[in-house]
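Peer 1: Contents of coords22.tsv (TSV, C-alpha atoms) are given next:
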```
chain	number	residue	atom	x	y	z
C	1	TYR	CA	-69.24	-39.05	53.02
C	2	LYS	CA	-69.92	-42.52	51.85
C	3	SER	CA	-71.37	-41.33	48.61
C	4	ASN	CA	-68.16	-39.38	47.86
C	5	SER	CA	-65.82	-42.13	48.96
C	6	GLY	CA	-65.42	-43.41	45.36
C	7	ALA	CA	-64.29	-39.98	44.21
C	8	SER	CA	-61.07	-40.12	46.22
C	9	PRO	CA	-58.92	-41.67	43.51
C	10	VAL	CA	-60.32	-39.21	40.94
C	11	MET	CA	-59.61	-36.29	43.28
C	12	GLY	CA	-56.12	-37.61	43.86
C	13	LEU	CA	-55.61	-37.80	40.13
C	14	ILE	CA	-56.91	-34.26	39.67
C	15	GLU	CA	-54.65	-33.02	42.46
C	16	GLN	CA	-51.71	-34.85	40.84
C	17	ILE	CA	-52.54	-33.22	37.49
C	18	ILE	CA	-52.73	-29.81	39.18
C	19	GLU	CA	-49.35	-30.34	40.87
C	20	ASP	CA	-47.82	-31.53	37.59
C	21	SER	CA	-49.30	-28.51	35.82
C	22	LYS	CA	-47.85	-26.16	38.45
C	23	ALA	CA	-44.44	-27.84	38.18
C	24	LEU	CA	-44.58	-27.69	34.39
C	25	GLU	CA	-45.63	-24.02	34.54
C	26	SER	CA	-42.77	-23.31	36.93
C	27	GLU	CA	-40.25	-25.08	34.66
C	28	THR	CA	-41.65	-23.33	31.60
C	29	THR	CA	-41.50	-19.93	33.29
C	30	ALA	CA	-37.91	-20.59	34.42
C	31	GLY	CA	-36.98	-21.73	30.90
C	32	GLU	CA	-38.65	-18.71	29.36
C	33	THR	CA	-36.84	-16.38	31.78
C	34	LYS	CA	-33.53	-18.07	30.95
C	35	ALA	CA	-34.26	-17.87	27.20
C	36	GLN	CA	-35.21	-14.18	27.55
C	37	ALA	CA	-31.96	-13.47	29.41
C	38	GLY	CA	-30.02	-15.35	26.72
C	39	TYR	CA	-31.79	-13.38	24.00
C	40	GLU	CA	-31.07	-10.08	25.73
C	41	GLN	CA	-27.40	-11.03	26.05
C	42	PHE	CA	-27.35	-12.04	22.38
C	43	VAL	CA	-28.89	-8.70	21.35
C	44	LYS	CA	-26.39	-6.84	23.55
C	45	ASP	CA	-23.45	-8.77	22.08
C	46	SER	CA	-24.80	-8.35	18.55
C	47	ASN	CA	-25.23	-4.60	19.00
C	48	GLY	CA	-21.67	-4.32	20.33
C	49	LEU	CA	-20.36	-6.33	17.39
C	50	ILE	CA	-22.36	-4.23	14.93
C	51	LYS	CA	-20.98	-1.05	16.50
C	52	ASP	CA	-17.41	-2.39	16.25
C	53	LEU	CA	-17.92	-3.48	12.65
C	54	GLN	CA	-19.39	-0.09	11.71
C	55	ALA	CA	-16.37	1.62	13.25
C	56	SER	CA	-14.11	-0.74	11.31
C	57	ILE	CA	-16.00	0.03	8.10
C	58	ALA	CA	-15.68	3.77	8.71
C	59	GLN	CA	-11.94	3.42	9.39
C	60	LYS	CA	-11.40	1.27	6.31
C	61	THR	CA	-13.47	3.64	4.17
C	62	GLY	CA	-11.27	6.52	5.34
C	63	ALA	CA	-8.14	4.52	4.62
C	64	SER	CA	-9.47	3.62	1.18
C	65	ALA	CA	-10.22	7.27	0.40
C	66	ALA	CA	-6.73	8.27	1.56
C	67	ALA	CA	-5.20	5.54	-0.59
C	68	LYS	CA	-7.21	6.73	-3.61
C	69	GLY	CA	-5.98	10.27	-2.97
C	70	ASP	CA	-2.40	9.04	-2.72
C	71	THR	CA	-2.87	7.06	-5.93
C	72	ALA	CA	-4.21	10.11	-7.75
C	73	GLU	CA	-1.30	12.22	-6.48
C	74	ALA	CA	1.22	9.56	-7.49
C	75	SER	CA	-0.40	9.30	-10.92
C	76	ALA	CA	-0.14	13.08	-11.38
C	77	ASN	CA	3.49	12.99	-10.25
C	78	LEU	CA	4.18	10.15	-12.68
C	79	GLU	CA	2.68	12.11	-15.57
C	80	SER	CA	4.72	15.18	-14.60
C	81	THR	CA	7.90	13.13	-14.33
C	82	VAL	CA	7.29	11.42	-17.67
C	83	GLY	CA	6.73	14.85	-19.26
C	84	GLU	CA	10.00	16.14	-17.77
C	85	LEU	CA	11.84	13.05	-18.98
C	86	GLU	CA	10.46	13.50	-22.49
C	87	SER	CA	11.50	17.16	-22.45
C	88	LEU	CA	14.98	16.25	-21.22
C	89	ALA	CA	15.29	13.54	-23.87
C	90	SER	CA	14.37	16.08	-26.54
C	91	TYR	CA	16.90	18.57	-25.14
C	92	GLU	CA	19.55	15.84	-25.04
C	93	ALA	CA	18.84	14.96	-28.68
C	94	ASP	CA	19.20	18.63	-29.67
C	95	LEU	CA	22.48	18.93	-27.78
C	96	HIS	CA	23.70	15.71	-29.32
C	97	ALA	CA	22.96	17.04	-32.80
C	98	GLU	CA	24.81	20.28	-32.02
C	99	CYS	CA	27.80	18.40	-30.62
C	100	ASP	CA	27.85	16.06	-33.60
C	101	PHE	CA	27.92	19.09	-35.90
C	102	VAL	CA	30.78	20.67	-33.93
C	103	VAL	CA	32.79	17.42	-33.79
C	104	LYS	CA	32.12	16.64	-37.45
C	105	ASN	CA	33.29	20.06	-38.60
C	106	PHE	CA	36.11	20.46	-36.07
C	107	ASP	CA	38.89	19.45	-38.45
C	108	VAL	CA	37.51	21.63	-41.24
C	109	ARG	CA	37.12	24.61	-38.91
C	110	GLN	CA	40.59	24.06	-37.41
C	111	LYS	CA	42.16	23.96	-40.87
C	112	ALA	CA	40.28	27.14	-41.84
C	113	ARG	CA	41.51	28.89	-38.69
C	114	LEU	CA	45.08	27.87	-39.39
C	115	GLN	CA	44.78	29.23	-42.93
C	116	GLU	CA	43.32	32.47	-41.56
C	117	MET	CA	46.21	32.77	-39.08
C	118	GLU	CA	48.77	32.13	-41.85
C	119	ALA	CA	47.04	34.70	-44.06
C	120	ILE	CA	47.08	37.25	-41.22
C	121	GLN	CA	50.77	36.54	-40.58
C	122	LEU	CA	51.49	36.99	-44.27
C	123	ALA	CA	49.46	40.19	-44.36
C	124	LYS	CA	51.36	41.52	-41.33
C	125	ALA	CA	54.64	40.68	-42.97
C	126	ILE	CA	53.61	42.40	-46.19
C	127	LEU	CA	52.37	45.46	-44.32
C	128	SER	CA	55.50	45.66	-42.21
C	129	GLY	CA	57.59	45.53	-45.38
C	130	ALA	CA	59.24	42.19	-44.83
C	131	LYS	CA	58.29	40.94	-48.24
```
Rewrite the structure from the file as structure tokens, please.
Peer 2:
Amino acid sequence: YKSNSGASPVMGLIEQIIEDSKALESETTAGETKAQAGYEQFVKDSNGLIKDLQASIAQKTGASAAAKGDTAEASANLESTVGELESLASYEADLHAECDFVVKNFDVRQKARLQEMEAIQLAKAILSGAK
């Protein structure tokens, strides 16, 4: 044993290195396990978020399509209403022209009717022998 007695500090150092290596391996394994668990949780959370965002996109896409449909319908209704308004404006202008003609010629027509009535009265009187 005397020949190996000088190896004791070297063996102690080797044993210390082995213990440090085991401790470091244990810490590294624990850290890796913790990191793996964190990664798995991150992936799970990310997948849930992606699923929620995809549902939101689908809902918003549907709402956008409905809004475009409503816009198209409103545009068609607007065109129809504008066409009706133009038609009514034209009809109103025609009626206005007719009314203007009637109002403008009212006095002339009234005078002509009075003359006709007087002429008929005179003709009745002549035919009845009054004159």
Peer 1: Rounded to one decimal in Å, what is the spacing between atom CA of Ser80 of chain C and atom CA of Ala65 of chain C?
Peer 2: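 According to the coordinates, atom CA of Ser80 of chain C and atom CA of Ala65 of chain C are separated by 22.6 Å.
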Peer 1: Report, in Å with one decimal, the straight-line distance from atom CA of Ala125 of chain C to atom CA of Arg113 of chain C.
Peer 2: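 Value for the atom CA of Ala125 of chain C-atom CA of Arg113 of chain C distance: 18.2 Å.
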Peer 1: In Å, how far is it from atom CA of Ser64 of chain C to atom CA of Gly48 of chain C?
Peer 2: 24.1 Å
